[in-house]
>>> print(open('model.cif').read())   # mmCIF, C-alpha atoms and all ligand atoms
data_entry
loop_
_atom_site.label_atom_id
_atom_site.label_comp_id
_atom_site.auth_asym_id
_atom_site.auth_seq_id
_atom_site.Cartn_x
_atom_site.Cartn_y
_atom_site.Cartn_z
CA MET X 1 1.49 -21.89 17.53
CA GLN X 2 1.05 -18.13 17.64
CA THR X 3 -0.31 -16.08 14.74
CA LEU X 4 2.36 -13.81 13.24
CA VAL X 5 1.73 -10.06 13.10
CA ILE X 6 2.72 -8.73 9.66
CA ALA X 7 2.55 -4.96 9.28
CA HIS X 8 0.95 -4.25 5.89
CA ARG X 9 3.05 -1.62 4.04
CA GLY X 10 4.57 -1.14 7.54
CA ALA X 11 2.38 0.23 10.34
CA SER X 12 0.51 2.13 7.65
CA SER X 13 -2.21 3.36 10.02
CA LEU X 14 0.44 5.31 11.95
CA ALA X 15 2.83 6.55 9.28
CA PRO X 16 3.07 6.86 5.48
CA GLU X 17 2.93 3.39 3.88
CA ASN X 18 6.12 1.75 2.62
CA THR X 19 8.49 4.23 4.31
CA PHE X 20 11.06 3.74 7.06
CA ALA X 21 8.76 5.67 9.39
CA ALA X 22 6.08 3.00 8.88
CA PHE X 23 8.52 0.09 9.23
CA ASP X 24 10.09 1.60 12.39
CA ARG X 25 6.62 1.87 13.93
CA ALA X 26 5.89 -1.73 12.98
CA LEU X 27 8.98 -2.78 14.96
CA ASP X 28 7.92 -0.61 17.91
CA ALA X 29 4.45 -2.20 17.82
CA GLY X 30 6.00 -5.67 18.16
CA ALA X 31 5.31 -6.88 14.62
CA ASP X 32 6.91 -10.18 13.62
CA GLY X 33 7.24 -9.06 10.02
CA ILE X 34 6.58 -6.39 7.43
CA GLU X 35 4.87 -6.61 4.07
CA PHE X 36 5.90 -4.15 1.36
CA ASP X 37 5.41 -3.63 -2.36
CA LEU X 38 8.10 -3.49 -5.04
CA GLN X 39 8.16 -1.66 -8.37
CA LEU X 40 11.13 -1.22 -10.70
CA THR X 41 12.85 2.02 -11.74
CA LYS X 42 13.97 2.86 -15.29
CA ASP X 43 17.50 1.80 -14.31
CA LYS X 44 16.14 -1.50 -12.94
CA VAL X 45 16.39 -0.85 -9.20
CA PRO X 46 13.64 -2.45 -7.04
CA VAL X 47 11.98 0.29 -4.97
CA VAL X 48 9.40 0.11 -2.18
CA ILE X 49 6.19 1.76 -3.35
CA HIS X 50 2.67 0.39 -3.84
CA ASP X 51 1.40 2.10 -6.98
CA GLU X 52 2.84 1.99 -10.49
CA THR X 53 2.58 5.77 -10.42
CA LEU X 54 4.08 8.34 -8.07
CA GLY X 55 1.18 10.74 -7.65
CA ARG X 56 -0.75 9.32 -4.69
CA THR X 57 2.09 8.88 -2.19
CA THR X 58 4.91 11.17 -3.32
CA THR X 59 5.58 14.65 -4.63
CA GLY X 60 6.43 13.13 -8.04
CA LYS X 61 4.33 12.56 -11.15
CA GLY X 62 4.10 9.81 -13.76
CA LYS X 63 5.20 6.18 -13.65
CA VAL X 64 7.96 4.74 -11.48
CA ILE X 65 9.36 2.87 -14.53
CA ASP X 66 9.87 6.18 -16.39
CA HIS X 67 12.20 7.52 -13.68
CA SER X 68 15.74 6.64 -12.67
CA LEU X 69 16.57 6.03 -9.03
CA ALA X 70 18.34 9.42 -8.96
CA ASP X 71 15.04 11.08 -9.98
CA LEU X 72 13.14 9.30 -7.21
CA GLU X 73 15.67 10.17 -4.53
CA SER X 74 14.60 13.81 -4.60
CA LEU X 75 10.91 12.99 -3.89
CA ASP X 76 9.06 13.33 -0.61
CA ALA X 77 7.04 10.21 0.23
CA GLY X 78 5.79 11.35 3.63
CA SER X 79 4.08 14.72 3.55
CA TRP X 80 0.93 13.40 1.77
CA PHE X 81 0.21 11.52 5.02
CA ALA X 82 1.02 14.28 7.55
CA ALA X 83 3.36 17.27 7.68
CA GLU X 84 5.47 15.64 10.42
CA PHE X 85 6.57 12.98 7.91
CA ALA X 86 7.94 15.42 5.33
CA GLY X 87 11.30 14.19 4.08
CA GLU X 88 10.49 10.45 4.15
CA LYS X 89 11.89 8.82 1.01
CA ILE X 90 10.96 5.95 -1.30
CA PRO X 91 13.29 3.23 0.03
CA THR X 92 15.19 0.91 -2.28
CA LEU X 93 15.01 -2.78 -1.43
CA ASP X 94 18.73 -2.74 -0.61
CA GLU X 95 18.31 0.17 1.79
CA LEU X 96 15.42 -1.58 3.52
CA PHE X 97 17.39 -4.79 3.98
CA ALA X 98 20.44 -2.88 5.21
CA ARG X 99 18.34 -1.06 7.79
CA TYR X 100 16.33 -3.99 9.16
CA LYS X 101 18.49 -7.06 8.71
CA LYS X 102 19.76 -6.81 12.30
CA SER X 103 16.15 -7.02 13.57
CA SER X 104 14.34 -10.34 13.57
CA LEU X 105 11.67 -9.10 11.15
CA LEU X 106 10.29 -11.44 8.53
CA PHE X 107 10.09 -9.79 5.10
CA ASN X 108 7.04 -10.39 2.88
CA LEU X 109 8.07 -8.87 -0.45
CA GLU X 110 5.17 -8.32 -2.82
CA LEU X 111 6.24 -8.07 -6.47
CA LYS X 112 3.88 -5.57 -8.11
CA ASN X 113 4.22 -6.98 -11.59
CA SER X 114 0.62 -7.65 -12.62
CA VAL X 115 -0.02 -4.28 -14.29
CA ILE X 116 3.49 -3.69 -15.66
CA GLU X 117 5.46 -6.90 -16.13
CA TYR X 118 8.89 -5.44 -15.26
CA PRO X 119 11.23 -7.91 -16.98
CA GLY X 120 14.25 -8.36 -14.70
CA LEU X 121 12.39 -7.62 -11.44
CA GLU X 122 12.68 -11.19 -10.11
CA LYS X 123 16.41 -11.34 -10.87
CA ALA X 124 17.14 -7.99 -9.23
CA VAL X 125 15.09 -8.87 -6.14
CA LEU X 126 16.72 -12.28 -5.71
CA LYS X 127 20.17 -10.69 -6.04
CA SER X 128 19.39 -8.26 -3.26
CA ILE X 129 18.11 -11.10 -1.02
CA THR X 130 21.26 -13.19 -1.53
CA ASP X 131 23.60 -10.16 -1.25
CA HIS X 132 22.13 -9.54 2.21
CA GLU X 133 21.99 -13.27 3.07
CA LEU X 134 18.32 -13.05 3.93
CA GLU X 135 17.06 -16.15 2.05
CA GLU X 136 15.59 -17.63 5.22
CA ARG X 137 13.73 -14.51 6.30
CA VAL X 138 11.84 -13.69 3.12
CA ILE X 139 8.64 -14.76 1.41
CA ILE X 140 8.05 -13.43 -2.10
CA SER X 141 4.37 -13.03 -2.98
CA SER X 142 2.64 -11.77 -6.11
CA PHE X 143 -0.72 -11.78 -7.85
CA ASN X 144 1.37 -12.69 -10.93
CA HIS X 145 1.75 -16.42 -10.35
CA GLN X 146 4.05 -17.01 -13.31
CA SER X 147 6.46 -14.58 -11.71
CA LEU X 148 6.52 -16.81 -8.60
CA VAL X 149 7.39 -19.76 -10.83
CA ARG X 150 10.23 -17.69 -12.36
CA CYS X 151 11.53 -16.89 -8.85
CA LYS X 152 11.59 -20.60 -7.92
CA LYS X 153 13.43 -21.39 -11.16
CA LEU X 154 16.04 -18.73 -10.46
CA ASN X 155 16.42 -19.84 -6.82
CA PRO X 156 14.69 -23.09 -5.78
CA ASP X 157 15.39 -22.37 -2.09
CA ILE X 158 13.40 -19.15 -1.99
CA ARG X 159 9.94 -19.24 -0.35
CA THR X 160 7.06 -17.96 -2.45
CA GLY X 161 3.48 -17.16 -1.45
CA MET X 162 0.44 -17.41 -3.72
CA LEU X 163 -1.37 -14.10 -3.43
CA TYR X 164 -4.96 -14.10 -4.68
CA PHE X 165 -8.22 -12.21 -4.54
CA GLU X 166 -10.78 -14.15 -6.63
CA GLU X 167 -12.30 -17.07 -4.77
CA MET X 168 -11.02 -20.54 -5.82
CA GLU X 169 -12.51 -23.91 -4.91
CA THR X 170 -9.26 -25.75 -4.20
CA PRO X 171 -6.59 -23.02 -4.00
CA TRP X 172 -4.15 -25.44 -2.31
CA GLU X 173 -3.90 -27.41 -5.56
CA ARG X 174 -2.81 -24.33 -7.47
CA ALA X 175 -0.44 -23.21 -4.72
CA LEU X 176 1.25 -26.61 -4.61
CA SER X 177 1.49 -26.78 -8.41
CA LEU X 178 3.27 -23.39 -8.36
CA GLY X 179 5.74 -24.70 -5.77
CA CYS X 180 4.57 -22.17 -3.18
CA TYR X 181 5.42 -22.30 0.50
CA SER X 182 2.38 -20.28 1.63
CA VAL X 183 -1.01 -18.96 0.53
CA HIS X 184 -2.03 -15.30 0.83
CA PRO X 185 -5.83 -15.13 0.43
CA PHE X 186 -8.07 -12.08 0.74
CA PHE X 187 -9.32 -12.57 4.32
CA HIS X 188 -13.03 -12.72 3.40
CA HIS X 189 -12.46 -16.18 1.89
CA LEU X 190 -11.44 -17.50 5.30
CA GLN X 191 -14.97 -17.29 6.66
CA SER X 192 -15.19 -20.83 5.24
CA PRO X 193 -13.91 -23.46 7.73
CA GLU X 194 -13.40 -25.89 4.82
CA LEU X 195 -10.89 -23.52 3.28
CA ILE X 196 -8.93 -23.13 6.52
CA ALA X 197 -8.98 -26.92 6.96
CA GLY X 198 -7.86 -27.45 3.33
CA PHE X 199 -4.81 -25.24 3.80
CA LYS X 200 -3.90 -26.92 7.07
CA LYS X 201 -4.30 -30.38 5.57
CA ASN X 202 -1.95 -29.38 2.74
CA LYS X 203 0.55 -27.80 5.17
CA LEU X 204 0.31 -24.40 3.52
CA PRO X 205 0.82 -21.55 6.01
CA THR X 206 -1.93 -18.96 5.52
CA TYR X 207 -1.16 -15.23 5.38
CA ALA X 208 -4.52 -13.42 5.44
CA TRP X 209 -4.74 -9.85 4.08
CA THR X 210 -5.65 -7.12 4.92
CA VAL X 211 -7.36 -7.43 8.29
CA ASN X 212 -8.10 -4.16 10.07
CA ASP X 213 -11.25 -5.09 12.03
CA PRO X 214 -10.45 -6.36 15.57
CA GLU X 215 -13.34 -8.87 15.47
CA GLN X 216 -11.95 -10.40 12.28
CA MET X 217 -8.48 -10.47 13.83
CA GLU X 218 -9.86 -12.39 16.84
CA TYR X 219 -11.71 -14.84 14.58
CA LEU X 220 -8.56 -15.60 12.59
CA VAL X 221 -6.34 -15.83 15.68
CA ASN X 222 -8.84 -18.27 17.28
CA ASN X 223 -8.74 -20.33 14.07
CA LYS X 224 -4.94 -20.49 14.29
CA ILE X 225 -4.21 -18.77 11.00
CA GLU X 226 -0.40 -18.61 10.68
CA ALA X 227 -0.13 -14.89 9.84
CA ILE X 228 -2.28 -11.78 9.51
CA LEU X 229 -1.38 -8.72 7.44
CA THR X 230 -2.75 -5.54 8.97
CA ASP X 231 -2.35 -1.78 8.85
CA TYR X 232 -2.81 -1.89 12.66
CA PRO X 233 -0.04 -4.15 14.05
CA GLN X 234 -0.39 -2.30 17.37
CA ILE X 235 -3.98 -3.61 17.75
CA LEU X 236 -3.31 -7.14 16.47
CA ALA X 237 -0.29 -7.53 18.78
CA GLY X 238 -2.57 -6.72 21.75
CA ILE X 239 -5.21 -9.25 20.66
CA ILE X 240 -2.56 -11.98 20.32
CA ARG X 241 -1.09 -11.16 23.75
CA LYS X 242 -4.56 -11.51 25.32
CA SER X 243 -5.28 -14.77 23.49
CA GLY X 244 -1.97 -16.33 24.55
O1 LIG V 301 0.16 -8.73 0.21
C1 LIG V 301 -1.19 -8.50 0.43
C2 LIG V 301 -1.66 -7.15 0.02
O2 LIG V 301 -0.64 -6.22 0.22
C3 LIG V 301 -2.12 -7.13 -1.40
O3 LIG V 301 -2.76 -5.95 -1.75
O4 LIG V 301 -2.89 -3.76 -2.83
O5 LIG V 301 -2.34 -3.90 -0.42
O6 LIG V 301 -0.68 -4.59 -2.12
P1 LIG V 301 -2.12 -4.49 -1.78
MG MG V 302 0.94 -5.36 -0.90
#
>>> encode(input="model.cif", output="structure tokens")
Amino acid sequence: MQTLVIAHRGASSLAPENTFAAFDRALDAGADGIEFDLQLTKDKVPVVIHDETLGRTTTGKGKVIDHSLADLESLDAGSWFAAEFAGEKIPTLDELFARYKKSSLLFNLELKNSVIEYPGLEKAVLKSITDHELEERVIISSFNHQSLVRCKKLNPDIRTGMLYFEEMETPWERALSLGCYSVHPFFHHLQSPELIAGFKKNKLPTYAWTVNDPEQMEYLVNNKIEAILTDYPQILAGIIRKSG
């Protein structure tokens, strides 16, 4: 078994997060998959952006939910990172799928519905997945665990991943009760061999986030963690090649 390289927000050390530039670089770096964040527009279109607000990563202002897709299309989501990326856009989920479905990338969709609940987000996301026939290549994760339950109700075949930050004693029990396929713990928790063993015993693939330190990458690869989310897929891919 080889640990999967999942580019966190794309290769976000090399290009502006959650843009095609970052996802293209993830592919070039040999990533097995990409993780990206989804918010909802005023007209209920899932769009790929991390924050609830536009200010940090685009030329826009205010909340994503207060803007229609047409408003967002005029924004620049690249120049905050470096001038050479001016003109990068906020992708819609449909555009992302259309662009990368011919690759073999795995898609880890993170629903950003813990701060703003976004009624209708699950339904819109699941429609896009089935429209593109990508059911077998996606994992939907969220810190909002009830949202994962809603996804499973809407489509029992979809794989969900329990994303969490606060330490739990027996996280596998919660993940199994939510019907999750995988667990997505903050990587610091995985210093505990009991936790790694507990996930393995319960057959829950572990997607550790967000691991940017090469020593931590090596530790997790040596412990046969199923997947690592990193801003540096180019470094992790090298470590996995050497370990193989
Ligand atoms: O999916 C793991 C990770 O992306 C969660 O944190 O804030 O980077 O979306 P964040
Ligand atoms: Mg994320």
>>> residues_around(input="model.cif", residues="Val47 (chain X)", least_positions_apart="2", cutoff="12 Å", atoms="all atoms listed in the file", output="ChimeraX atom specification")
/X:18-19,36-45,49-52,54,64-65,67-70,72-73,89-97,109-112,121,124-125,128
>>> atom_distance(input="model.cif", atom1="CA of Leu105 (chain X)", atom2="CA of Gly244 (chain X)")
20.4 Å
>>> atom_distance(input="model.cif", atom1="CA of Lys61 (chain X)", atom2="CA of Gly10 (chain X)")
23.2 Å
>>> closest_residue(input="model.cif", among="X:Glu136, X:Pro205, X:Ile129, X:Pro171", to="His189 (chain X)", atoms="only C-alpha atoms")
X:Pro171
>>> atom_distance(input="model.cif", atom1="CA of Leu229 (chain X)", atom2="CA of Ala208 (chain X)")
6.0 Å
>>> residues_near_point(input="model.cif", point="(8.1, -6.3, 9.4)", cutoff="8 Å", atoms="only C-alpha atoms", output="list in words")
Ile6, Ala7, Gly10, Phe23, Ala26, Leu27, Ala31, Asp32, Gly33, Ile34, Glu35, Leu105, Leu106, Phe107 and Asn108 of chain X
>>> closest_residue(input="model.cif", among="X:Ser104, X:Cys180, X:Ala175, X:Leu14", to="Ile139 (chain X)", atoms="all atoms listed in the file")
X:Cys180
>>> residues_around(input="model.cif", residues="His184 (chain X)", least_positions_apart="2", cutoff="6 Å", atoms="all atoms listed in the file", output="number ranges by chain")
X: 162-163, 206-208
>>> closest_residue(input="model.cif", among="X:Phe187, X:Tyr219, X:Phe143, X:Tyr164", to="Glu117 (chain X)", atoms="only C-alpha atoms")
X:Phe143
>>> closest_residue(input="model.cif", among="X:Leu176, X:Val221, X:Ala82, X:Met168", to="Leu195 (chain X)", atoms="all atoms listed in the file")
X:Met168
>>> residues_near_point(input="model.cif", point="(3.9, -19.3, -15.0)", cutoff="7 Å", atoms="all atoms listed in the file", output="list in words")
His145, Gln146, Ser147 and Val149 of chain X
>>> closest_residue(input="model.cif", among="X:Pro46, X:Pro119, X:Gly238, X:Pro193", to="Pro214 (chain X)", atoms="only C-alpha atoms")
X:Gly238
>>> build_atoms(input="model.cif", residues="region 136-154 of chain X", atoms="N, CA and C atoms", output="mmCIF file, in the frame of the given file")
data_model
loop_
_atom_site.group_PDB
_atom_site.id
_atom_site.type_symbol
_atom_site.label_atom_id
_atom_site.label_comp_id
_atom_site.auth_asym_id
_atom_site.auth_seq_id
_atom_site.Cartn_x
_atom_site.Cartn_y
_atom_site.Cartn_z
ATOM 1 N N GLU X 136 16.476 -16.927 4.288
ATOM 2 C CA GLU X 136 15.590 -17.630 5.220
ATOM 3 C C GLU X 136 14.576 -16.733 5.894
ATOM 4 N N ARG X 137 14.669 -15.432 5.631
ATOM 5 C CA ARG X 137 13.730 -14.510 6.300
ATOM 6 C C ARG X 137 12.751 -13.872 5.343
ATOM 7 N N VAL X 138 12.733 -14.330 4.082
ATOM 8 C CA VAL X 138 11.840 -13.690 3.120
ATOM 9 C C VAL X 138 10.791 -14.658 2.584
ATOM 10 N N ILE X 139 9.636 -14.081 2.240
ATOM 11 C CA ILE X 139 8.640 -14.760 1.410
ATOM 12 C C ILE X 139 8.329 -13.780 0.284
ATOM 13 N N ILE X 140 8.405 -14.276 -0.954
ATOM 14 C CA ILE X 140 8.050 -13.430 -2.100
ATOM 15 C C ILE X 140 6.629 -13.780 -2.508
ATOM 16 N N SER X 141 5.743 -12.780 -2.526
ATOM 17 C CA SER X 141 4.370 -13.030 -2.980
ATOM 18 C C SER X 141 4.080 -12.141 -4.190
ATOM 19 N N SER X 142 3.056 -12.568 -4.951
ATOM 20 C CA SER X 142 2.640 -11.770 -6.110
ATOM 21 C C SER X 142 1.297 -12.274 -6.603
ATOM 22 N N PHE X 143 0.500 -11.352 -7.153
ATOM 23 C CA PHE X 143 -0.720 -11.780 -7.850
ATOM 24 C C PHE X 143 -0.341 -12.404 -9.201
ATOM 25 N N ASN X 144 0.877 -12.145 -9.670
ATOM 26 C CA ASN X 144 1.370 -12.690 -10.930
ATOM 27 C C ASN X 144 2.036 -14.052 -10.630
ATOM 28 N N HIS X 145 1.271 -15.106 -10.792
ATOM 29 C CA HIS X 145 1.750 -16.420 -10.350
ATOM 30 C C HIS X 145 2.877 -16.963 -11.205
ATOM 31 N N GLN X 146 2.918 -16.567 -12.473
ATOM 32 C CA GLN X 146 4.050 -17.010 -13.310
ATOM 33 C C GLN X 146 5.350 -16.393 -12.829
ATOM 34 N N SER X 147 5.270 -15.227 -12.264
ATOM 35 C CA SER X 147 6.460 -14.580 -11.710
ATOM 36 C C SER X 147 6.998 -15.394 -10.524
ATOM 37 N N LEU X 148 6.080 -15.973 -9.738
ATOM 38 C CA LEU X 148 6.520 -16.810 -8.600
ATOM 39 C C LEU X 148 7.237 -18.062 -9.109
ATOM 40 N N VAL X 149 6.737 -18.597 -10.219
ATOM 41 C CA VAL X 149 7.390 -19.760 -10.830
ATOM 42 C C VAL X 149 8.803 -19.356 -11.308
ATOM 43 N N ARG X 150 8.907 -18.165 -11.904
ATOM 44 C CA ARG X 150 10.230 -17.690 -12.360
ATOM 45 C C ARG X 150 11.187 -17.550 -11.162
ATOM 46 N N CYS X 151 10.677 -17.039 -10.052
ATOM 47 C CA CYS X 151 11.530 -16.890 -8.850
ATOM 48 C C CYS X 151 12.057 -18.247 -8.406
ATOM 49 N N LYS X 152 11.174 -19.253 -8.363
ATOM 50 C CA LYS X 152 11.590 -20.600 -7.920
ATOM 51 C C LYS X 152 12.621 -21.188 -8.876
ATOM 52 N N LYS X 153 12.455 -20.875 -10.189
ATOM 53 C CA LYS X 153 13.430 -21.390 -11.160
ATOM 54 C C LYS X 153 14.791 -20.753 -10.932
ATOM 55 N N LEU X 154 14.785 -19.453 -10.667
ATOM 56 C CA LEU X 154 16.040 -18.730 -10.460
ATOM 57 C C LEU X 154 16.708 -19.146 -9.142
#
